[in-house]
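Here is the file model_15.txt (compact mmCIF, C-alpha atoms).
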```
# COMPACT_ATOMS: atom_id res chain seq x y z
CA MET A 1 138.60 140.04 124.22
CA ARG A 2 141.94 138.54 123.24
CA ALA A 3 144.95 140.25 124.84
CA TYR A 4 147.52 141.66 122.40
CA HIS A 5 150.25 139.23 123.48
CA ASP A 6 148.02 136.14 123.21
CA LEU A 7 148.69 135.22 119.59
CA GLY A 8 147.96 131.48 119.47
CA GLY A 9 145.91 130.59 116.39
CA LEU A 10 146.37 133.92 114.61
CA SER A 11 147.92 134.07 111.17
CA ALA A 12 151.62 134.95 111.43
CA GLY A 13 153.00 134.37 107.94
CA THR A 14 156.09 132.27 107.37
CA VAL A 15 158.53 131.47 110.17
CA PRO A 16 162.04 132.92 109.58
CA GLN A 17 164.34 129.89 109.41
CA GLU A 18 167.76 131.55 109.59
CA GLU A 19 169.74 131.43 112.83
CA HIS A 20 170.56 134.70 114.57
CA GLU A 21 173.18 135.23 117.21
CA LEU A 22 172.21 136.98 120.42
CA GLN A 23 174.10 140.20 121.13
CA LEU A 24 175.92 140.62 124.44
CA TRP A 25 173.35 143.09 125.81
CA GLU A 26 170.52 140.69 125.00
CA LYS A 27 172.26 137.93 126.99
CA ARG A 28 172.72 140.41 129.84
CA VAL A 29 168.97 141.13 129.87
CA GLU A 30 168.28 137.42 130.43
CA ALA A 31 171.08 137.18 133.02
CA LEU A 32 169.60 140.13 134.89
CA LEU A 33 166.18 138.48 135.05
CA VAL A 34 167.74 135.26 136.39
CA LEU A 35 169.66 137.28 139.01
CA LEU A 36 166.56 139.22 140.11
CA THR A 37 164.61 135.96 140.35
CA ARG A 38 167.31 134.16 142.39
CA LYS A 39 167.55 137.12 144.76
CA HIS A 40 163.74 137.02 145.21
CA ILE A 41 163.38 140.60 143.98
CA LEU A 42 161.23 139.84 140.93
CA ARG A 43 159.27 136.81 139.77
CA VAL A 44 159.06 135.80 136.10
CA ASP A 45 155.26 135.96 136.50
CA GLU A 46 155.59 139.62 137.50
CA ASN A 47 157.71 140.33 134.47
CA ARG A 48 155.21 138.58 132.19
CA ARG A 49 152.52 140.81 133.69
CA GLY A 50 154.81 143.76 132.95
CA LEU A 51 155.10 142.68 129.29
CA GLU A 52 151.32 142.40 129.12
CA SER A 53 150.96 145.94 130.48
CA LEU A 54 153.14 147.73 127.91
CA GLY A 55 150.27 148.18 125.48
CA GLY A 56 150.08 146.49 122.09
CA GLU A 57 151.70 149.29 120.14
CA VAL A 58 154.84 149.39 122.30
CA TYR A 59 154.93 145.59 122.72
CA HIS A 60 154.87 144.88 119.00
CA SER A 61 157.31 147.68 118.10
CA LEU A 62 160.08 146.33 120.37
CA SER A 63 162.34 143.30 120.04
CA TYR A 64 162.13 140.43 122.53
CA ALA A 65 165.02 141.70 124.69
CA GLU A 66 163.91 145.35 124.44
CA ARG A 67 160.44 144.64 125.75
CA ARG A 68 161.81 142.42 128.53
CA ILE A 69 164.25 145.06 129.84
CA LEU A 70 161.50 147.69 129.64
CA ALA A 71 159.14 145.51 131.68
CA MET A 72 161.94 144.83 134.19
CA SER A 73 162.70 148.56 134.52
CA ASN A 74 159.01 149.35 135.11
CA ASN A 75 158.78 146.56 137.72
CA LEU A 76 161.92 147.70 139.56
CA ILE A 77 160.63 151.29 139.69
CA LEU A 78 157.29 149.96 140.96
CA LYS A 79 159.09 148.02 143.71
CA GLY A 80 161.24 151.00 144.70
CA ILE A 81 164.54 149.29 143.80
CA PHE A 82 165.51 152.48 141.99
CA SER A 83 163.74 155.72 141.19
CA VAL A 84 162.94 157.13 137.75
CA ASP A 85 165.48 159.89 138.45
CA GLU A 86 168.24 157.42 139.39
CA LEU A 87 167.63 155.39 136.25
CA ALA A 88 167.57 158.51 134.05
CA THR A 89 170.80 159.79 135.62
CA LYS A 90 172.53 156.44 135.04
CA LEU A 91 171.30 156.22 131.43
CA ALA A 92 172.67 159.73 130.78
CA GLN A 93 176.06 158.69 132.24
CA ILE A 94 176.17 155.65 129.95
CA ASP A 95 175.28 157.83 126.95
CA ARG A 96 178.40 159.91 127.66
CA ARG A 97 180.72 156.89 127.73
CA GLN A 98 183.26 156.48 124.92
CA ASP A 99 182.77 152.70 124.97
CA PRO A 100 179.11 152.06 125.74
CA LEU A 101 179.59 148.32 126.42
CA PRO A 102 182.63 147.76 128.68
CA MET B 103 159.53 115.45 144.44
CA ASN B 104 156.16 117.13 144.49
CA ALA B 105 156.43 120.90 143.90
CA ALA B 106 154.50 121.61 147.10
CA LEU B 107 156.90 119.58 149.23
CA ALA B 108 159.86 121.21 147.54
CA ALA B 109 158.46 124.66 148.31
CA GLY B 110 157.76 123.64 151.91
CA VAL B 111 154.15 124.73 151.82
CA ALA B 112 150.91 122.90 152.41
CA ALA B 113 149.53 121.17 149.33
CA ALA B 114 145.98 121.58 148.16
CA ALA B 115 143.94 118.56 149.22
CA THR B 116 143.43 116.54 146.05
CA CYS B 117 142.99 116.75 142.30
CA ALA B 118 139.26 117.25 141.67
CA TYR B 119 139.40 115.64 138.22
CA ALA B 120 140.62 112.14 137.37
CA ARG B 121 142.45 110.86 134.30
CA GLY B 122 140.03 110.35 131.40
CA GLU B 123 137.41 112.78 132.71
CA ARG B 124 135.95 115.21 130.18
CA ILE B 125 136.22 118.88 131.06
CA ARG B 126 135.39 122.20 129.44
CA VAL B 127 137.81 125.11 129.72
CA ARG B 128 136.00 128.08 131.22
CA LYS B 129 135.20 130.71 128.62
CA VAL B 130 136.23 133.69 130.69
CA ASP B 131 137.47 137.05 129.53
CA ALA B 132 139.20 138.79 132.40
CA PRO B 133 141.94 141.37 132.68
CA GLY B 134 145.13 140.42 134.50
CA HIS B 135 147.86 137.86 133.94
CA ILE B 136 146.26 134.70 132.52
CA ARG B 137 148.15 131.58 131.43
CA THR B 138 145.16 129.92 129.76
CA PRO B 139 145.46 130.67 126.02
CA HIS B 140 142.53 132.50 124.45
CA TYR B 141 142.10 129.89 121.72
CA ILE B 142 141.43 127.05 124.17
CA ARG B 143 138.75 128.77 126.27
CA GLY B 144 135.37 127.12 125.90
CA LYS B 145 136.86 123.95 124.32
CA ILE B 146 136.27 120.41 125.61
CA GLY B 147 139.19 118.12 126.43
CA VAL B 148 140.11 115.07 128.49
CA ILE B 149 142.26 114.98 131.62
CA GLU B 150 145.53 113.26 130.72
CA ARG B 151 147.01 113.61 134.23
CA CYS B 152 147.10 115.76 137.32
CA VAL B 153 150.62 117.22 137.24
CA GLY B 154 150.81 118.48 140.82
CA PHE B 155 150.16 121.56 142.92
CA PHE B 156 151.68 124.93 142.21
CA LYS B 157 151.44 128.55 143.28
CA ASN B 158 148.87 130.45 141.26
CA PRO B 159 150.68 132.53 138.60
CA GLU B 160 147.68 134.87 138.33
CA GLU B 161 148.51 135.97 141.90
CA LEU B 162 152.32 135.71 141.67
CA ALA B 163 152.16 138.15 138.75
CA TYR B 164 151.04 140.87 141.17
CA GLY B 165 153.66 140.15 143.84
CA ARG B 166 151.37 138.12 146.09
CA SER B 167 152.09 134.69 147.61
CA GLY B 168 150.23 132.62 145.02
CA GLU B 169 148.79 130.45 147.79
CA PRO B 170 146.76 128.36 148.29
CA LEU B 171 148.38 126.07 145.74
CA ARG B 172 146.32 125.15 142.70
CA ALA B 173 146.11 121.76 141.01
CA LEU B 174 147.61 121.79 137.52
CA TYR B 175 146.47 119.31 134.85
CA ARG B 176 147.73 118.19 131.50
CA VAL B 177 144.60 118.29 129.36
CA ARG B 178 144.38 116.63 125.94
CA PHE B 179 142.29 118.10 123.12
CA LEU B 180 141.51 116.84 119.64
CA GLN B 181 143.03 119.32 117.20
CA SER B 182 139.81 119.13 115.17
CA ASP B 183 137.90 120.29 118.28
CA VAL B 184 140.24 123.26 118.74
CA TRP B 185 140.48 124.58 115.18
CA ASP B 186 137.45 124.90 112.90
CA ASP B 187 139.57 124.55 109.76
CA TYR B 188 141.99 121.87 110.99
CA ARG B 189 143.30 119.84 108.04
CA GLY B 190 145.64 117.38 109.79
CA GLY B 191 144.88 113.81 110.83
CA PRO B 192 141.59 113.10 112.61
CA GLY B 193 143.38 111.67 115.67
CA ASP B 194 145.84 114.55 116.13
CA THR B 195 145.88 115.89 119.68
CA LEU B 196 147.16 118.90 121.60
CA ASP B 197 148.22 118.82 125.28
CA ILE B 198 148.02 121.99 127.40
CA ASP B 199 148.81 122.50 131.09
CA LEU B 200 145.79 124.19 132.71
CA TYR B 201 144.97 125.09 136.31
CA GLU B 202 141.98 123.51 138.00
CA HIS B 203 140.10 126.79 138.44
CA TRP B 204 139.97 127.12 134.65
CA LEU B 205 138.18 123.76 134.22
CA GLU B 206 134.54 122.82 134.62
CA PRO B 207 132.89 119.39 134.43
CA VAL B 208 131.16 118.26 131.24
CA THR B 209 127.97 116.31 131.68
CA ALA B 210 127.56 113.34 129.33
CA PRO B 211 125.89 114.31 126.02
```

Any chance you could put this one into structure tokens?
Amino acid sequence: MRAYHDLGGLSAGTVPQEEHELQLWEKRVEALLVLLTRKHILRVDENRRGLESLGGEVYHSLSYAERRILAMSNNLILKGIFSVDELATKLAQIDRRQDPLP
Amino acid sequence: MNAALAAGVAAAATCAYARGERIRVRKVDAPGHIRTPHYIRGKIGVIERCVGFFKNPEELAYGRSGEPLRALYRVRFLQSDVWDDYRGGPGDTLDIDLYEHWLEPVTAP
């Protein structure tokens, strides 16, 4: 059985040719993964496994950066870096900010 | 520098396959983190080179050491062998990096 992320050889329609600029939060997602890797907290292989464990419906409904930060969050909870409750508390704090991206 | 030396770990002994040798990619369906694309499994190619020895990503993906190191090869396939409906040139090729444990020998036809 082909895994949902393994798309090589499947029909994908036309490739969008226009350039798109990455948003600041998307760059921060990549920076965070580099940081976690350099600090030997998380390997890119572990995060790929995380992406491949989201389920096809979630995986295909999210953007590239969205699915990567979700996989990272799941991995960091799994490793005990933070708890679900700590993450939820922090997300609620950020929701209450006037300026969500300082 | 060889990846094994750089990582300071013992290298696997040797590359089992030599340049020019024909191999078949194992046609295995397994759960887990697999870096061998689905479309290439079961196809026959030729060893272009042994790239070196690396930690096994199938193990690294689960937080384990990834050792012993695995030999990684660049394997060359004819596009017309990979895709049933390939319409490009007859000599077009595709190179893929594949780990040794995904390859099996092909006996001469």

Considering all atoms listed in the file, give me a table of residues in stretch 106-167 of chain B that are at most 12 Å from stretch 194-210 of chain B, with the closest atom pair and distance in Å for each, as a tab-separated table.
```
residue	atom	partner	partner_atom	distance
B:Ala114	CA	B:Glu202	CA	11.1
B:Thr116	CA	B:Glu202	CA	10.7
B:Cys117	CA	B:Glu202	CA	8.1
B:Ala118	CA	B:Glu202	CA	7.7
B:Tyr119	CA	B:Glu202	CA	8.3
B:Ala120	CA	B:Pro207	CA	11.0
B:Gly122	CA	B:Val208	CA	11.9
B:Glu123	CA	B:Pro207	CA	8.2
B:Arg124	CA	B:Val208	CA	5.8
B:Ile125	CA	B:Pro207	CA	4.8
B:Arg126	CA	B:Glu206	CA	5.3
B:Val127	CA	B:Leu205	CA	4.7
B:Arg128	CA	B:Trp204	CA	5.3
B:Lys129	CA	B:Trp204	CA	8.5
B:Val130	CA	B:Trp204	CA	8.5
B:Asp131	CA	B:Trp204	CA	11.4
B:Ala132	CA	B:Trp204	CA	11.9
B:Ile136	CA	B:Trp204	CA	10.1
B:Arg137	CA	B:Leu200	CA	7.9
B:Thr138	CA	B:Leu200	CA	6.5
B:Pro139	CA	B:Ile198	CA	9.2
B:His140	CA	B:Trp204	CA	11.8
B:Tyr141	CA	B:Ile198	CA	11.4
B:Ile142	CA	B:Ile198	CA	8.9
B:Arg143	CA	B:Trp204	CA	8.6
B:Gly144	CA	B:Leu205	CA	9.4
B:Lys145	CA	B:Leu205	CA	10.0
B:Ile146	CA	B:Val208	CA	7.9
B:Gly147	CA	B:Asp197	CA	9.1
B:Val148	CA	B:Asp197	CA	9.5
B:Ile149	CA	B:Asp197	CA	9.5
B:Glu150	CA	B:Asp197	CA	8.2
B:Arg151	CA	B:Asp199	CA	9.6
B:Cys152	CA	B:Glu202	CA	9.3
B:Val153	CA	B:Asp199	CA	8.3
B:Gly154	CA	B:Tyr201	CA	9.9
B:Phe155	CA	B:Tyr201	CA	9.1
B:Phe156	CA	B:Tyr201	CA	8.9
B:Lys157	CA	B:Tyr201	CA	10.1
B:Asn158	CA	B:Tyr201	CA	8.3
B:Pro159	CA	B:Tyr201	CA	9.7
B:Glu160	CA	B:Tyr201	CA	10.3
```

Report task. Up to 6 Å from chain B, what residues of chain A turn up? Count all atoms listed in the file and give them as number ranges by chain. Result -> A: 45-46, 49

Can you spit out the residues from that selection as a PDB file, in the coordinates of the input, using C-alpha atoms?
```pdb
ATOM      1  CA  ASP A  45     155.260 135.960 136.500  1.00  0.00           C
ATOM      2  CA  GLU A  46     155.590 139.620 137.500  1.00  0.00           C
ATOM      3  CA  ARG A  49     152.520 140.810 133.690  1.00  0.00           C
TER       4      ARG A  49
END
```

Query raised in the report: What is the atom CA of A:Gly9-atom CA of A:Glu26 distance in Å, reported with one decimal?
Result: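 Separation between atom CA of A:Gly9 and atom CA of A:Glu26: 28.0 Å.
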
Query raised in the report: Interatomic distance between atom CA of A:Val58 and atom CA of A:Val29?
Result: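 Separation between atom CA of A:Val58 and atom CA of A:Val29: 18.0 Å.
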
**Report entry** For A:Leu42: contacts at 10 Å, only C-alpha atoms, fewer than 2 positions along chain excluded, given as a PyMOL selection string
**Finding:** (chain A and resi 33-40+44-47+72+75-76+79) or (chain B and resi 162-163+165)

Expected file contents, prior selection, C-alpha atoms, as a short mmCIF file (atom, residue, chain, number, x, y, z; two decimals), in the frame of the given file:
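What follows is the written file selection30.cif:
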```
data_model
loop_
_atom_site.label_atom_id
_atom_site.label_comp_id
_atom_site.auth_asym_id
_atom_site.auth_seq_id
_atom_site.Cartn_x
_atom_site.Cartn_y
_atom_site.Cartn_z
CA LEU A 33 166.18 138.48 135.05
CA VAL A 34 167.74 135.26 136.39
CA LEU A 35 169.66 137.28 139.01
CA LEU A 36 166.56 139.22 140.11
CA THR A 37 164.61 135.96 140.35
CA ARG A 38 167.31 134.16 142.39
CA LYS A 39 167.55 137.12 144.76
CA HIS A 40 163.74 137.02 145.21
CA VAL A 44 159.06 135.80 136.10
CA ASP A 45 155.26 135.96 136.50
CA GLU A 46 155.59 139.62 137.50
CA ASN A 47 157.71 140.33 134.47
CA MET A 72 161.94 144.83 134.19
CA ASN A 75 158.78 146.56 137.72
CA LEU A 76 161.92 147.70 139.56
CA LYS A 79 159.09 148.02 143.71
CA LEU B 162 152.32 135.71 141.67
CA ALA B 163 152.16 138.15 138.75
CA GLY B 165 153.66 140.15 143.84
#
```

Query - Two-atom distance - atom CA of A:Gln23, atom CA of A:Tyr59 (Å) - result: 20.0 Å

When you get a chance, write out N, CA and C atoms for stretch 2-24 of chain A, as a PDB file, in the coordinates of the input.
```pdb
ATOM      1  N   ARG A   2     140.619 139.156 123.248  1.00  0.00           N
ATOM      2  CA  ARG A   2     141.940 138.540 123.240  1.00  0.00           C
ATOM      3  C   ARG A   2     142.978 139.616 123.565  1.00  0.00           C
ATOM      4  N   ALA A   3     143.891 139.293 124.494  1.00  0.00           N
ATOM      5  CA  ALA A   3     144.950 140.250 124.840  1.00  0.00           C
ATOM      6  C   ALA A   3     145.973 140.305 123.697  1.00  0.00           C
ATOM      7  N   TYR A   4     146.662 141.447 123.574  1.00  0.00           N
ATOM      8  CA  TYR A   4     147.520 141.660 122.400  1.00  0.00           C
ATOM      9  C   TYR A   4     148.713 140.709 122.331  1.00  0.00           C
ATOM     10  N   HIS A   5     149.100 140.131 123.477  1.00  0.00           N
ATOM     11  CA  HIS A   5     150.250 139.230 123.480  1.00  0.00           C
ATOM     12  C   HIS A   5     149.830 137.779 123.236  1.00  0.00           C
ATOM     13  N   ASP A   6     148.543 137.506 123.258  1.00  0.00           N
ATOM     14  CA  ASP A   6     148.020 136.140 123.210  1.00  0.00           C
ATOM     15  C   ASP A   6     147.725 135.788 121.751  1.00  0.00           C
ATOM     16  N   LEU A   7     148.759 135.294 121.051  1.00  0.00           N
ATOM     17  CA  LEU A   7     148.690 135.220 119.590  1.00  0.00           C
ATOM     18  C   LEU A   7     148.355 133.837 119.046  1.00  0.00           C
ATOM     19  N   GLY A   8     148.189 132.841 119.926  1.00  0.00           N
ATOM     20  CA  GLY A   8     147.960 131.480 119.470  1.00  0.00           C
ATOM     21  C   GLY A   8     146.768 131.385 118.520  1.00  0.00           C
ATOM     22  N   GLY A   9     146.992 130.796 117.344  1.00  0.00           N
ATOM     23  CA  GLY A   9     145.910 130.590 116.390  1.00  0.00           C
ATOM     24  C   GLY A   9     145.756 131.714 115.378  1.00  0.00           C
ATOM     25  N   LEU A  10     146.467 132.828 115.582  1.00  0.00           N
ATOM     26  CA  LEU A  10     146.370 133.920 114.610  1.00  0.00           C
ATOM     27  C   LEU A  10     147.361 133.681 113.472  1.00  0.00           C
ATOM     28  N   SER A  11     147.030 134.202 112.316  1.00  0.00           N
ATOM     29  CA  SER A  11     147.920 134.070 111.170  1.00  0.00           C
ATOM     30  C   SER A  11     149.196 134.877 111.430  1.00  0.00           C
ATOM     31  N   ALA A  12     150.353 134.266 111.141  1.00  0.00           N
ATOM     32  CA  ALA A  12     151.620 134.950 111.430  1.00  0.00           C
ATOM     33  C   ALA A  12     152.584 134.889 110.254  1.00  0.00           C
ATOM     34  N   GLY A  13     152.119 134.440 109.094  1.00  0.00           N
ATOM     35  CA  GLY A  13     153.000 134.370 107.940  1.00  0.00           C
ATOM     36  C   GLY A  13     154.003 133.238 108.076  1.00  0.00           C
ATOM     37  N   THR A  14     155.084 133.327 107.332  1.00  0.00           N
ATOM     38  CA  THR A  14     156.090 132.270 107.370  1.00  0.00           C
ATOM     39  C   THR A  14     157.049 132.493 108.533  1.00  0.00           C
ATOM     40  N   VAL A  15     157.582 131.400 109.048  1.00  0.00           N
ATOM     41  CA  VAL A  15     158.530 131.470 110.170  1.00  0.00           C
ATOM     42  C   VAL A  15     159.941 131.673 109.600  1.00  0.00           C
ATOM     43  N   PRO A  16     160.652 132.739 110.053  1.00  0.00           N
ATOM     44  CA  PRO A  16     162.040 132.920 109.580  1.00  0.00           C
ATOM     45  C   PRO A  16     162.891 131.740 110.029  1.00  0.00           C
ATOM     46  N   GLN A  17     163.599 131.119 109.105  1.00  0.00           N
ATOM     47  CA  GLN A  17     164.340 129.890 109.410  1.00  0.00           C
ATOM     48  C   GLN A  17     165.809 130.144 109.735  1.00  0.00           C
ATOM     49  N   GLU A  18     166.319 131.333 109.396  1.00  0.00           N
ATOM     50  CA  GLU A  18     167.760 131.550 109.590  1.00  0.00           C
ATOM     51  C   GLU A  18     168.076 131.747 111.070  1.00  0.00           C
ATOM     52  N   GLU A  19     169.281 131.259 111.450  1.00  0.00           N
ATOM     53  CA  GLU A  19     169.740 131.430 112.830  1.00  0.00           C
ATOM     54  C   GLU A  19     170.166 132.878 113.039  1.00  0.00           C
ATOM     55  N   HIS A  20     170.004 133.377 114.270  1.00  0.00           N
ATOM     56  CA  HIS A  20     170.560 134.700 114.570  1.00  0.00           C
ATOM     57  C   HIS A  20     171.244 134.632 115.922  1.00  0.00           C
ATOM     58  N   GLU A  21     172.397 135.285 115.995  1.00  0.00           N
ATOM     59  CA  GLU A  21     173.180 135.230 117.210  1.00  0.00           C
ATOM     60  C   GLU A  21     172.731 136.327 118.162  1.00  0.00           C
ATOM     61  N   LEU A  22     172.591 135.982 119.427  1.00  0.00           N
ATOM     62  CA  LEU A  22     172.210 136.980 120.420  1.00  0.00           C
ATOM     63  C   LEU A  22     173.373 137.934 120.658  1.00  0.00           C
ATOM     64  N   GLN A  23     173.059 139.228 120.792  1.00  0.00           N
ATOM     65  CA  GLN A  23     174.100 140.200 121.130  1.00  0.00           C
ATOM     66  C   GLN A  23     174.350 140.139 122.642  1.00  0.00           C
ATOM     67  N   LEU A  24     175.518 140.678 123.028  1.00  0.00           N
ATOM     68  CA  LEU A  24     175.920 140.620 124.440  1.00  0.00           C
ATOM     69  C   LEU A  24     174.856 141.251 125.347  1.00  0.00           C
TER      70      LEU A  24
END
```
